[in-house]
Every structure is written in C-alpha cells, then in structure tokens.
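Asker: One structure coming up, written as structure tokens, with questions to follow.
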Amino acid sequence: MTERDASETDDSGTDTEARTREPTTDDGVTVTFRSMLDETSAVDAATDPSRVDLTAPAYYLNRERSELAFQRRVLDEALNEENPLLERVKFLAIVTTNLDEFFRKRVGGLKRQLTAGVTDETPDGHTPREQWTAVLEEARRLLERQAECFHEELRPALADDGIRIVDYEDLSTDERRTVREFFERSVLPTLTPLTFDPAHPFPFISNQSLSLAVLTRERPGDDRTFSRVKIPRNQLRFVPLGDETRYVLLEDVVRANLDLLFPDVDVVDTALFRVTRNAEVRHDEAVAEDLVEMTEEVIEERRFATAVRLEIERDAPETVREILVRELDLDAREVFHLDGPLEYRDFAELTDLDRPDLKLPDWTPQPHPRLADLEAGRTMFDVIRDRDVLVHHPYHSFEGTVQRFLEAAATDPDVLAIKAAIYRTASDSKVIESLLEAARNGKQVAVMVELKARFDERNNLEWVKKLEEEGIHVAYGTLGYKAHTKTSLVVREEDDGVRLYSHVGTGNYHSGTAKRYEDLSLLTADRDVGQDLVKLFNYFTGHSRHRKYRRLLIAPGNMRDRFVELVRAEAERARDGEKARIVAKMNRLEDPALIRELYEASMAGVDIDLVVRDICRLRPGLEGISETIDVYSVVGRFLEHSRIFYFRAGGENRYYIGSADWMTRNLDSRVEAVVPIEDPRLRRRLEWILETLLADDRNRWVMRSDGAYERCRPAGDGSATDAHEEFMRSALADDRRDAWQ
C-alpha cells in the first residue's frame, strides 16, 4: 500500500480541524463529547498516553445512531440528482427495507431490554431507554425526509419523464369505471374485512402489511365501527391506466371502492396504517431438544410478536389512532404520522420498466480471466492447483467461478467428498442443487446449514429437508454460535494422492445477491488452508473445537487474538520509528476492545484508513487519540460487502479476506473464517481495490469525529473516480488481466 501523510486534507476538503469539531446533538439524550472528556479528566495523550482511559464513553459512538447515519447516506442516493431517476427510486425502496429491518431487530431488541428492566449502559454510556428514545426521534426525521423526497422530488421528476402516479380523484369518469371493474373482478374477491366490535375481537395485524382502517356506521348518529382491510401483496401495487405511463396506487383503488366491500353502511372515514413487529424472539438453545423445531417456533412467534412501530397517515382520524395504539399496546413515541404512501418497498417495481434512459447501464458479471477459456483437457481444478484464484463479485460471474467450482466437484469422478457451509442462499439455489447431484453421484457430502440466519430461516429449513431426503449429512448449526463462514471444501483423489481444494469467501452462496453485492472469494489448493477447513467442518458436525490453525483465522478460536497481534505489531513498529500502516474494509466496526487497539496504534503513529460501510463506533480525528485514523463509507451502485484487512508488517504487506467484521458478535459469538492472501499478484490486486476505494470521489463519504458524514466531491477539474465504474472497466478490459493471472 502507498504511504499517505495522515495530516493532509482528504478528498472532501475536510481538514483535521473540521474532523475534530465538537459534535452537536439535538435529541436531549446524548451528552456533548467535550463535556464527557472533562468528566473523565482526560489528559494530553501526546504527553502521557498511558493515562488516557480509552474505555471512557466519550471515545465511542452509539451503534444504533451510527446505523441510522448509514440509512441517511442511503437516502442521499435517492436525493442525488446525479443518479438516474429509477436508480433513485430503487434507493427510496431500499431505505424502507433497511428501516423495517432496523425496527424489527434493533428497536425491537431495545424494547425487549426495556421490558426486561435492563439498565446496563453501552460503551458510549447510554441505557436502553435513552437509546430507544433517541433512535425513535432520529428515525422519525429520516422517515419524514423520505416522504418529502418522494412528494417533492421523485414524484414530480417521474411525471416529467412520463411516469405519472395519479391520485384517484384525478381520474376521468371512464378511467374510474375501468378501474372499478378491475377492482370488482380481481381485487374484491381477495379482500377480507375484519371488524372490531363487541362480537369480534381486535383483528390480528400482520407484520409490515399495508392496511386500511375503515370507520363505518349503519345510520346517522350510530357509533362508528372499526374494521381493518389488508391491502393484498399478491396484486400489483401500481395499477396501470392503459399503458406504462400512468398508474394509480392499489390502496387508492381499494379506498375509492369500499362501497362494494361494505354495502348498506356509510363509510365515514379511512386511514392507511402499517405495523412493524419485533423480530427479537429468542429461545434458549441450551435447553432446546430439537433445533429445527425451535427454529419453526421462532418463525411462528414472530408473527405475533410485540409491535414496535405504527406508521399511520398524517390526517388519520383520532379514533383510529387511539384504537390502534391501545390494542397494539404502543407508546405514543412509537407512532409515526406520515404523508402517504406509507411504504416504498413496492416502488422497486418501477425499476422493471423498459426505460433504459432512466437507469444505469446494465452490468453483466464477466468471466474470470483464468477460468474463461480452459484449454482442452484442463479442468478448473488444474487452474486452481497451478495458483490461487481471487474472484471479485459482481465484476466476475458467481456462476462461472464459485458455483462452477461446486458443479465441477459434483460431476468429477475423482472427487471423493464435498463439504459446504450455507448461511444464506437463493430459493432456487444452483449451489444446493450441485450438492444434491454430488450425493446422487456417490460423493460424500456434508452441509452446514445455519438455521438461525435471521429472516432466512424458512428458506434454510426447506433446503435442510431436501438435503436430508438425499441422505446428505446436515448440521444445523453450533450450540451458542451462528455459523457465518462462507466456506467449502472439495476432497479429490489425484495421481500424487488426495488433494484439498478450498473456497473461502466474504459473501454468501447466493447467486442473486452476488449480482448486487461486492464480495471477494479465494479458490485455493493450499494444503494448510484445506487442513484448517477439515478442522472447521469437523467442529460443525462434531463437538470438538480447535483453537490452533495453520493459516486461517477462525472465530471462535484464534481470530481475535491474531487481529490484536497484527494491530499491536504495527503500533510497535511506529514507536520504533518505522513506517506502519493499517487499511481495513468491512461492513461494521463495533468491538470496543479492537477500537481501543486502533486508538493505541494511532497514538503510536500508525497511519490507519478504515472503509466501514455502515456502523462505526470509533471516532476518527481526535487530537492525541485518533489523529492518524480516517474513516470512510462507500455507498453506491453495489453494496460494499467484502472484508479486506491489510497490515504493512515491516514491508511484508499482509492481506486477509473473509466473513468477519470487527464486531463483538463476529469475533466471539459467530463461527467465522478469514484467510491470508499469499500470492504477490493477488496482493497487488487487493492493494489496487483498496486504493481505488480510498480515491473514490463519487461514492465515498468522510466520517467526522462526531459521527456525522460529509460526501466527497470531485475536484472540479473534470477528473473523478467512481470505484464501481473502475472495477467494471477493469473486468471488461485486457490491460489488467495480468493482475488475475
């Protein structure tokens, strides 16, 4: 990696003074950073670093608020007029999907702690109640900004480009007649009104479903009756008005034709609403008799879990709001009054329109240069045996590399056994089909399927059943840990004996996400890596846990200690006056112990760049503490998902890739695998990837010490670097083929 002056101004124009400014907070909960430093009696780290208490809350950002900061960066992609219009609509939909998950997992977890009376403080010094209060208010502002983005920017822009989302009252008489006929024929039979009155209990409201509250009465002066009508998700949300230029929303069609659903009564008022339920439903694995049965119970219990959010139209009748708050047992702070439409997940439907002028150019993942055209008689295993293969998704085809590796193993007569760890995979997974075919071909097949992969439990259960029907040995997980590794092992009989072929990746065995997520994979015949995977898979299927590995960094095991050793070694070199550098790319940086190690390395003078996609607890640019640390986030066309770790190591230039972020759960509570990259050519490729990301001035954000982010902007001289464009050009060009050879 090239050396950089840690004091120089970064590409966004944010200098050291700007990065270390005191944060301002407006939620009434978070204490200012400067006052917390005063309370901890922090001293000048430059004169006496040993006296600095790096466990003080002042040095850590809040995890939940850091995640919301990431969602603001995602929303900025919808607001960014430089993006094609339908790309902006896609990001609008992504914000809804991400916030739904945030409420189900993170807000749900906080509410669960509140119910249990937990008062423990986080590393940044906040109780669950303080966090719950703060994130609800920040999420409220984010959701309001999302609605404003749609109404004030995207909807008018779509109309200008010939895609009109029309209000029902603006339809012509003929259009209303046509839509009413469509409703009566296709929608009405699917609707089931559920009434709440003395004869009917309050209806069950399913998670994240768009619903219409209807107030009716039989005659003037009667009390109003509440009914709930679920807007069906198996119908098109955008009802076309004759062509692909004008649409009316399905919920507006339902609302306008309620007289057909509630005949002979007066429809007094209506309101759209949406309920989000807690996903943090847990069982004690230690006492579970059957992990499959336990997982099925968790899936079922989520349907009826505690509500954690109510989204409702801003002008909803007070009666409707009161009924929903009371019956769902919600706090007023959990109610979000918003301008409709209330959810934007289905807006992704618009990106399927045949409007290439409003989209980014299509990208087709390319064949890997070393695997594209195999000479006659040569197999994929011959290529991997010659030298390691590094794959960069989605720039390289998943189907032509990782999936092909397992397909080849399934049919190769010399392959004796295949082992694979599946965390998430597609519902029509060709990877699983290859494993099934391998078993039919007489191979020994063992598969670790993680049943606790949140929101993929049902899909994984289905695959477990199919695998077991073929007689494949299936492990469901490890007690107390989630198996998060992305690894597979092929055992092959060759002329010189049995050889082990390994795959270690940063992403899941999922062909769909491999086209949208940036990830890395290593295919290798390194025997030490293979033997390490043998130990790992024995841990999955047996009960013994190894702590010593030849090459791999494994959690739980040697991973945490090894990363600490690598960081400390850089710090020691810096103290000795040597050049020292760390570059780490990951999804999340949360673990307080590793953050302390990074602070100490910075205080020693190590030049540190961190490319952290979303959550980051570390505060960069603090005088005397983290002055040599820069934190960036890259948000763009592809979701940055790979984990890459670089340590200068006295000029040895050590690189690692794998499945683990620097989070406590990844290092201590999940089974993870990180592999060193030994081939000098592949190391140079990783160097180029990291330096391209660090030079990006289109998609890169710079983090300030207060946790806020500033977007990098091109210099204005016509030059600009878009990392995703650079990687696509590289995959198409011949000039970098040598980097993969």
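Following the order of the structure tokens, chains are lettered A, B, ..., residues in each are numbered from 1, and ligands are numbered from 1.
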Using only C-alpha atoms, which residues sit within 8 Å of Asn278 in chain A once same-chain residues fewer than 5 positions away are excluded, as a count of residues only?

Answerer: 11

Asker: Show which residues sit within 7 Å of Ala660 in chain A, as an NGL selection string. Count only C-alpha atoms, and ignore same-chain residues fewer than 4 positions away.

Answerer: :A and (643 or 666 or 672-674)

Asker: Could you save the residues just selected, with N, CA and C atoms, as a compact mmCIF listing (two decimals), in the first residue's frame?

Answerer:
# COMPACT_ATOMS: atom_id res chain seq x y z
N ARG A 643 -14.83 -8.02 3.16
CA ARG A 643 -13.94 -7.65 4.27
C ARG A 643 -12.50 -7.88 3.82
N ASN A 666 -19.15 -11.08 15.81
CA ASN A 666 -18.39 -11.83 14.82
C ASN A 666 -17.15 -12.48 15.40
N GLU A 672 -16.60 -17.82 12.18
CA GLU A 672 -16.14 -17.02 11.05
C GLU A 672 -14.81 -17.57 10.54
N ALA A 673 -14.51 -17.25 9.29
CA ALA A 673 -13.23 -17.67 8.71
C ALA A 673 -12.64 -16.54 7.88
N VAL A 674 -11.38 -16.24 8.14
CA VAL A 674 -10.61 -15.24 7.38
C VAL A 674 -9.34 -15.92 6.89

Asker: Might you pull out every residue within 9 Å of Met380 in chain A, with only C-alpha atoms counted and same-chain residues fewer than 4 positions away left off, and present them as a PDB file with N, CA and C atoms, in the first residue's frame?

Answerer:
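Done, and the output landed in selection-v8.pdb:
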ATOM      1  N   LEU A 371     -10.386 -18.474 -15.791  1.00  0.00           N
ATOM      2  CA  LEU A 371     -11.333 -19.582 -15.881  1.00  0.00           C
ATOM      3  C   LEU A 371     -12.195 -19.509 -17.134  1.00  0.00           C
ATOM      4  N   LEU A 374     -10.712 -22.532 -20.791  1.00  0.00           N
ATOM      5  CA  LEU A 374      -9.790 -23.588 -20.390  1.00  0.00           C
ATOM      6  C   LEU A 374      -9.326 -24.371 -21.615  1.00  0.00           C
ATOM      7  N   ILE A 384      -6.726 -24.063 -10.435  1.00  0.00           N
ATOM      8  CA  ILE A 384      -6.566 -23.716  -9.020  1.00  0.00           C
ATOM      9  C   ILE A 384      -5.282 -24.326  -8.460  1.00  0.00           C
ATOM     10  N   ARG A 385      -4.940 -25.539  -8.912  1.00  0.00           N
ATOM     11  CA  ARG A 385      -3.719 -26.188  -8.440  1.00  0.00           C
ATOM     12  C   ARG A 385      -2.479 -25.415  -8.896  1.00  0.00           C
ATOM     13  N   ARG A 404     -19.530 -22.723 -10.333  1.00  0.00           N
ATOM     14  CA  ARG A 404     -18.892 -23.670 -11.255  1.00  0.00           C
ATOM     15  C   ARG A 404     -17.950 -24.601 -10.510  1.00  0.00           C
ATOM     16  N   PHE A 405     -17.270 -24.095  -9.497  1.00  0.00           N
ATOM     17  CA  PHE A 405     -16.367 -24.900  -8.671  1.00  0.00           C
ATOM     18  C   PHE A 405     -17.116 -26.070  -8.045  1.00  0.00           C
ATOM     19  N   ALA A 408     -18.483 -28.502 -10.790  1.00  0.00           N
ATOM     20  CA  ALA A 408     -17.413 -29.381 -11.287  1.00  0.00           C
ATOM     21  C   ALA A 408     -17.120 -30.495 -10.299  1.00  0.00           C
TER      22      ALA A 408
END

Asker: Pick out the closest residue to Ile657 in chain A from this set: A:Val229, A:Leu338, A:Val391, A:Val265. Count only C-alpha atoms.

Answerer: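 Closest to Ile657 in chain A, using only C-alpha atoms: A:Val391.
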
Asker: What is the CA of Lys515 in chain A-CA of Trp363 in chain A distance in Å, reported with one decimal?

Answerer: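 CA of Trp363 in chain A lies at a distance of 8.8 Å from CA of Lys515 in chain A.
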
Asker: Can you pull out every residue within 7 Å of Met703 in chain A, counting only C-alpha atoms, but drop anything in the same chain fewer than 6 positions away, and send it as a PyMOL selection string?

Answerer: chain A and resi 631-632+709-710

Asker: Pull the alpha helix (DSSP H) assignments for range 26-262 of chain A out of DSSP run on the backbone, and list those residues as a PyMOL selection string.

Answerer: chain A and resi 33-39+63-79+85-102+108-116+128-148+155-160+173-182+250-256+258-261

Asker: Quick one: of A:Leu86, A:Leu136, A:Leu520, A:Leu61, who's nearest to Glu590 in chain A, counting only C-alpha atoms?

Answerer: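 Closest to Glu590 in chain A, using only C-alpha atoms: A:Leu61.
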
Asker: Check the DSSP output for the backbone and give back, as a PyMOL selection string, the residues of range 241-379 of chain A in strand (DSSP E).

Answerer: chain A and resi 246-249+266-277+307-313+335-338

Asker: Which value, in Å to one decimal, gives the distance between CA of Leu158 in chain A and CA of Ala348 in chain A?

Answerer: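 Straight-line distance from CA of Leu158 in chain A to CA of Ala348 in chain A works out to 13.5 Å.
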
Asker: I'd like the neighbourhood of range 95-100 of chain A as JSON, numbers by chain, where a residue qualifies if any of its atoms comes within 7 Å (using only C-alpha atoms), though same-chain residues fewer than 2 positions away should be ignored.

Answerer: {"A": [71, 74, 75, 91, 92, 93, 102, 103, 104, 343, 344, 345]}

Asker: Fewer than 5 positions away in the same chain doesn't count, so skip those; otherwise give me all residues within 9 Å of Gln113 in chain A, counting only C-alpha atoms, as a CSV table (one decimal) with C-alpha atoms, in the first residue's frame.

Answerer:
chain,number,residue,atom,x,y,z
A,108,GLY,CA,-37.2,-4.5,18.9
A,118,VAL,CA,-32.2,-3.8,31.6
A,119,THR,CA,-30.4,-0.7,32.6
A,128,PRO,CA,-31.6,1.0,26.6
A,129,ARG,CA,-34.3,3.6,27.3

Asker: Kindly give the distance, in Å, that separates CA of Thr133 in chain A and CA of Phe70 in chain A, rounded to a single decimal.

Answerer: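 Value for the CA of Thr133 in chain A-CA of Phe70 in chain A distance: 18.7 Å.
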
Asker: Which one of A:Asn508, A:Asn62, A:Ser626, A:Gln146 sits closest to Ala78 in chain A if you count only C-alpha atoms?

Answerer: A:Gln146

Asker: Which residue out of A:Thr55, A:Thr411, A:Thr195, A:Ser66 has the minimum interatomic distance to Gly125 in chain A when only C-alpha atoms are used?

Answerer: A:Thr55

Asker: Using only C-alpha atoms, which of A:Thr487, A:Ser429, A:Thr364, A:Gln403 sits nearest Glu462 in chain A?

Answerer: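 The closest residue to Glu462 in chain A is A:Ser429.
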